[in-house]
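What follows is a single structure, written as structure tokens, with notes after it.
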Amino acid sequence: MTYIDVGPDELVDVDPADPGDACVEVLAPRDVPLGGPRAMTVRRTLPHKDRRMVGAWCFVDHYGPDDITTGLGMQVPPHPHTGLQTVSWLFDGEVLHRDSLGSTQLVRPGELNLMTAGRGISHSEESPGGHSPVLHGVQLWTALPEHARHRAPAFDHHADLPVVEGSGASVTVVMGSLTGATSPAWTASPLVAAEVTLEPEAASRLPVERDFEYAVLSVAGHVVVDDRAIDRGTLVYLGAGRDTVRLGTGNGGTAMLLGGVPFEEQLVMWWNFIGRSHDEIATDRAEWEAADPRFGTVRGYPGDRLNAPVLPHARLRPRGRHR
Ligand code: MN
């Protein structure tokens with residue numbers, strides 16, 4: 001990590017007289033089993049029935065902290081992706097990523113595994129042998145805009161991300177820019193992701209972009225956004241047009257801040273594919289089932305690859321960011 005000392009303008013103690021902004025929507029998580037015969041359950045807040053996206057962020061899964069001492073932990077067999085980036089970020093434990101480009105990369109807390117699917121890739125994710133007792137993390141997706149969604153697939157591991165500290169908060173900039181620091185991770189549209197760790201009694205104000213919309217995921221402990229305490233696992237949507245996001249805590253907590261320019265393209269999201277039409281998704285599915293070379297081969301995973309589910313009878317319709 002790279003630690004950056006910042007001046008008082010970057011992370012500001014909250015003025016108690018400032019009424020600030022209000023939370024707009026509280027998006028409760030739902031429990032979803034991940035694919036595969038040994039699936040673990042995650043808490044999903046995007047897509048949500050009341051909101052599909054926050055900026056280009058279109059998928060938010062939060063899992064753990066789980067004691068995996070006696071269990072298998074994460075075991076997600078090889079499966080394909082198109083038109084998106086996967087962002088793997090941990091708070092505890094480790095996950096081993098393998099992909100069809102030949103990447104084999106362990107990710108740990110404070111490090112980013114970023115996979116840009118582009119026109120097609122496949123990968124697996126597993127708790128490695130000898131793993132830590134506790135697994136806790138998020139998997140997030142960004143939708144790639146039209147200009148980037150047909151690009152060549154890529155995988156990047158970033159172990160040296162900027163960390164900004166002040167006002168009882170420690171902010172790791174995972175993607176994009178925040179509080180004067182910029183992540184080296186590649187993005188296809190203006191967006192941000194940051195982990196914010198709050199010391200007990202912290203009250204911080206993060207300067208943000210007026211043309212971004214934002215949301216905060218409460219990850220651990222006690223997290224207060226604006227003046228509202230947020231249940232762990234819940235995503236609060238904060239809208240756009242803000243200059244600041246206020247984060248506080250009583251006895252300490254951890255949150256993820258996500259944001260970006262509202263994503264105006266209509267998408268079809270189905271299984272692990274993001275496309276623009278039913279026919280495109282049907283082709284993605286058929287080519288994965290036929291082991292088309294577009295998705296390559298994941299080597300080394302101790303198990304079979306995942307088969308795609310059956311397409312619904314109704315045609316999939318492109319939908320906008322609202323719902
Ligand atoms: Mn995946």
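Naming scheme: A, B, ... for chains in displayed order of the structure tokens; residues 1 onward per chain; ligands 1 onward as shown.
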Can you pull out every residue within 12 Å of Leu191 of chain A, counting only C-alpha atoms, but drop anything in the same chain fewer than 3 positions away, and send it as a PyMOL selection string?
chain A and resi 54-58+141-144+173-178+182-183+185-188+194+208-209+211-215+257-263
Output of the above residues as a PDB file, in the first residue's frame, restricted to C-alpha atoms:
ATOM      1  CA  VAL A  54     -24.857   2.934  -9.522  1.00  0.00           C
ATOM      2  CA  GLY A  55     -22.686   4.521 -12.199  1.00  0.00           C
ATOM      3  CA  ALA A  56     -21.243   1.577 -14.127  1.00  0.00           C
ATOM      4  CA  TRP A  57     -21.504  -0.628 -10.996  1.00  0.00           C
ATOM      5  CA  CYS A  58     -24.081  -3.285 -11.809  1.00  0.00           C
ATOM      6  CA  TRP A 141     -18.939  -5.836 -11.473  1.00  0.00           C
ATOM      7  CA  THR A 142     -18.661  -2.794 -13.694  1.00  0.00           C
ATOM      8  CA  ALA A 143     -20.535  -2.776 -17.003  1.00  0.00           C
ATOM      9  CA  LEU A 144     -18.225  -1.948 -19.913  1.00  0.00           C
ATOM     10  CA  VAL A 173      -8.803   3.942  -3.369  1.00  0.00           C
ATOM     11  CA  VAL A 174      -9.523   0.671  -5.170  1.00  0.00           C
ATOM     12  CA  MET A 175     -10.596   2.159  -8.522  1.00  0.00           C
ATOM     13  CA  GLY A 176     -10.841   5.717  -9.798  1.00  0.00           C
ATOM     14  CA  SER A 177      -9.956   8.778  -7.727  1.00  0.00           C
ATOM     15  CA  LEU A 178     -11.004   9.989  -4.277  1.00  0.00           C
ATOM     16  CA  THR A 182      -5.925   7.785  -7.813  1.00  0.00           C
ATOM     17  CA  SER A 183      -5.876   4.012  -8.194  1.00  0.00           C
ATOM     18  CA  ALA A 185      -6.568   0.230 -12.010  1.00  0.00           C
ATOM     19  CA  TRP A 186      -7.960   0.612 -15.539  1.00  0.00           C
ATOM     20  CA  THR A 187     -11.556   1.770 -15.875  1.00  0.00           C
ATOM     21  CA  ALA A 188     -13.656   2.151 -19.017  1.00  0.00           C
ATOM     22  CA  ALA A 194     -12.999   2.798  -2.138  1.00  0.00           C
ATOM     23  CA  VAL A 208     -16.968  13.674  -4.110  1.00  0.00           C
ATOM     24  CA  GLU A 209     -17.864  14.485  -7.734  1.00  0.00           C
ATOM     25  CA  ASP A 211     -21.738  14.449 -11.669  1.00  0.00           C
ATOM     26  CA  PHE A 212     -21.288  10.997 -10.104  1.00  0.00           C
ATOM     27  CA  GLU A 213     -24.040   9.082  -8.352  1.00  0.00           C
ATOM     28  CA  TYR A 214     -22.919   7.257  -5.204  1.00  0.00           C
ATOM     29  CA  ALA A 215     -23.801   4.391  -2.914  1.00  0.00           C
ATOM     30  CA  LEU A 257     -18.051   3.703  -1.357  1.00  0.00           C
ATOM     31  CA  LEU A 258     -19.091   3.120  -4.981  1.00  0.00           C
ATOM     32  CA  GLY A 259     -19.843   5.777  -7.555  1.00  0.00           C
ATOM     33  CA  GLY A 260     -19.714   6.828 -11.155  1.00  0.00           C
ATOM     34  CA  VAL A 261     -21.276   8.805 -13.944  1.00  0.00           C
ATOM     35  CA  PRO A 262     -24.810   7.457 -14.476  1.00  0.00           C
ATOM     36  CA  PHE A 263     -24.627   4.672 -17.077  1.00  0.00           C
TER      37      PHE A 263
END
Would you mind listing what lies within 7 Å of Ser88 of chain A as a PyMOL selection string, with only C-alpha atoms counted and same-chain residues fewer than 4 positions away left out?
chain A and resi 112-114+138-140
Around ligand 1, out to 7 Å and counting only C-alpha atoms and all ligand atoms, which residues are there? I want them as number ranges by chain.
A: 79-81, 86, 123-124, 272
List the spatial neighbours of Thr172 of chain A as a list of chain:residue names - criterion: any atom at most 8 Å away, only C-alpha atoms, same-chain residues fewer than 2 positions off excluded.
A:Gly110, A:Leu161, A:Pro162, A:Val163, A:Val164, A:Ser170, A:Val174, A:Ala194, A:Glu195, A:Val196
Just the selected residues (C-alpha atoms), exported as a PDB file, in the first residue's frame, please.
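Just written: result.pdb:
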ATOM      1  CA  GLY A 110      -5.773  -4.490   0.473  1.00  0.00           C
ATOM      2  CA  LEU A 161      -3.134   1.052  -3.951  1.00  0.00           C
ATOM      3  CA  PRO A 162      -3.222   4.553  -2.463  1.00  0.00           C
ATOM      4  CA  VAL A 163      -4.439   4.894   1.121  1.00  0.00           C
ATOM      5  CA  VAL A 164      -5.495   8.308   2.441  1.00  0.00           C
ATOM      6  CA  SER A 170      -8.555   5.319   6.310  1.00  0.00           C
ATOM      7  CA  VAL A 174      -9.523   0.671  -5.170  1.00  0.00           C
ATOM      8  CA  ALA A 194     -12.999   2.798  -2.138  1.00  0.00           C
ATOM      9  CA  GLU A 195     -12.787   0.952   1.163  1.00  0.00           C
ATOM     10  CA  VAL A 196     -13.317   3.293   4.103  1.00  0.00           C
TER      11      VAL A 196
END
Rank nothing, just name the residue among A:Ala290, A:Ala229, A:Leu267, A:Val32 nearest to Arg44 of chain A, using only C-alpha atoms.
A:Val32
Could you pull the residues within 12 Å of segment 97-99 of chain A, counting only C-alpha atoms, minus those fewer than 6 positions along the same chain, as a PyMOL selection string?
chain A and resi 74-81+86-89+105-108+112-117+120-128+153-157+295-302+305
Just to confirm, what's the straight-line distance from atom CA of Arg43 of chain A to atom CA of Leu135 of chain A in Å (one decimal)?
13.8 Å
Any idea what's packed within 12 Å of Val26 of chain A, counting only C-alpha atoms, ignoring anything in its chain fewer than 3 positions away? Could you give it as a VMD selection string?
chain A and resid 22 to 23 29 45 to 46 48 to 51 215 to 218 225 228 to 239
Selection above as a file: N, CA and C atoms, as an mmCIF file, in the first residue's frame:
data_model
loop_
_atom_site.group_PDB
_atom_site.id
_atom_site.type_symbol
_atom_site.label_atom_id
_atom_site.label_comp_id
_atom_site.auth_asym_id
_atom_site.auth_seq_id
_atom_site.Cartn_x
_atom_site.Cartn_y
_atom_site.Cartn_z
ATOM 1 N N ALA A 22 -29.134 13.909 2.591
ATOM 2 C CA ALA A 22 -29.886 12.794 3.157
ATOM 3 C C ALA A 22 -29.716 11.567 2.277
ATOM 4 N N CYS A 23 -29.792 10.387 2.896
ATOM 5 C CA CYS A 23 -29.812 9.143 2.131
ATOM 6 C C CYS A 23 -31.057 9.135 1.248
ATOM 7 N N PRO A 29 -30.103 -6.351 1.222
ATOM 8 C CA PRO A 29 -29.541 -7.476 0.467
ATOM 9 C C PRO A 29 -30.496 -8.652 0.427
ATOM 10 N N THR A 45 -26.847 -6.957 -3.322
ATOM 11 C CA THR A 45 -27.603 -5.694 -3.264
ATOM 12 C C THR A 45 -27.752 -5.035 -4.633
ATOM 13 N N LEU A 46 -26.917 -5.376 -5.598
ATOM 14 C CA LEU A 46 -27.134 -4.966 -6.986
ATOM 15 C C LEU A 46 -26.953 -6.188 -7.868
ATOM 16 N N HIS A 48 -30.809 -4.723 -7.865
ATOM 17 C CA HIS A 48 -31.868 -4.733 -6.859
ATOM 18 C C HIS A 48 -33.179 -4.427 -7.566
ATOM 19 N N LYS A 49 -34.273 -4.920 -7.019
ATOM 20 C CA LYS A 49 -35.545 -4.679 -7.706
ATOM 21 C C LYS A 49 -35.838 -3.192 -7.835
ATOM 22 N N ASP A 50 -35.299 -2.394 -6.942
ATOM 23 C CA ASP A 50 -35.552 -0.954 -6.990
ATOM 24 C C ASP A 50 -34.454 -0.163 -7.701
ATOM 25 N N ARG A 51 -33.349 -0.803 -8.042
ATOM 26 C CA ARG A 51 -32.257 -0.085 -8.701
ATOM 27 C C ARG A 51 -31.290 -1.071 -9.316
ATOM 28 N N ALA A 215 -23.154 5.270 -3.885
ATOM 29 C CA ALA A 215 -23.801 4.391 -2.914
ATOM 30 C C ALA A 215 -22.737 3.923 -1.927
ATOM 31 N N VAL A 216 -23.186 3.578 -0.723
ATOM 32 C CA VAL A 216 -22.289 3.065 0.316
ATOM 33 C C VAL A 216 -22.798 1.703 0.773
ATOM 34 N N LEU A 217 -21.907 0.710 0.786
ATOM 35 C CA LEU A 217 -22.204 -0.616 1.319
ATOM 36 C C LEU A 217 -21.613 -0.701 2.725
ATOM 37 N N SER A 218 -22.467 -1.033 3.698
ATOM 38 C CA SER A 218 -21.986 -1.234 5.060
ATOM 39 C C SER A 218 -21.435 -2.649 5.166
ATOM 40 N N VAL A 225 -24.162 6.789 7.515
ATOM 41 C CA VAL A 225 -24.040 7.554 6.277
ATOM 42 C C VAL A 225 -24.973 8.741 6.389
ATOM 43 N N ARG A 228 -27.736 8.502 9.068
ATOM 44 C CA ARG A 228 -28.481 7.254 9.182
ATOM 45 C C ARG A 228 -27.534 6.078 9.434
ATOM 46 N N ALA A 229 -27.804 5.298 10.477
ATOM 47 C CA ALA A 229 -27.039 4.069 10.731
ATOM 48 C C ALA A 229 -27.486 3.021 9.715
ATOM 49 N N ILE A 230 -26.529 2.355 9.094
ATOM 50 C CA ILE A 230 -26.816 1.431 8.007
ATOM 51 C C ILE A 230 -26.545 0.006 8.464
ATOM 52 N N ASP A 231 -27.544 -0.877 8.329
ATOM 53 C CA ASP A 231 -27.358 -2.278 8.704
ATOM 54 C C ASP A 231 -26.254 -2.900 7.859
ATOM 55 N N ARG A 232 -25.496 -3.787 8.490
ATOM 56 C CA ARG A 232 -24.426 -4.469 7.779
ATOM 57 C C ARG A 232 -24.999 -5.229 6.578
ATOM 58 N N GLY A 233 -24.340 -5.119 5.461
ATOM 59 C CA GLY A 233 -24.782 -5.799 4.247
ATOM 60 C C GLY A 233 -25.733 -4.986 3.389
ATOM 61 N N THR A 234 -26.129 -3.810 3.898
ATOM 62 C CA THR A 234 -27.086 -2.967 3.177
ATOM 63 C C THR A 234 -26.345 -1.932 2.331
ATOM 64 N N LEU A 235 -26.931 -1.640 1.161
ATOM 65 C CA LEU A 235 -26.385 -0.619 0.266
ATOM 66 C C LEU A 235 -27.308 0.593 0.327
ATOM 67 N N VAL A 236 -26.745 1.766 0.595
ATOM 68 C CA VAL A 236 -27.572 2.966 0.540
ATOM 69 C C VAL A 236 -27.194 3.758 -0.697
ATOM 70 N N TYR A 237 -28.202 4.096 -1.489
ATOM 71 C CA TYR A 237 -28.007 4.888 -2.702
ATOM 72 C C TYR A 237 -28.136 6.357 -2.337
ATOM 73 N N LEU A 238 -27.159 7.148 -2.757
ATOM 74 C CA LEU A 238 -27.081 8.548 -2.322
ATOM 75 C C LEU A 238 -27.377 9.543 -3.433
ATOM 76 N N GLY A 239 -27.592 9.063 -4.654
ATOM 77 C CA GLY A 239 -27.897 9.968 -5.738
ATOM 78 C C GLY A 239 -26.682 10.741 -6.218
#
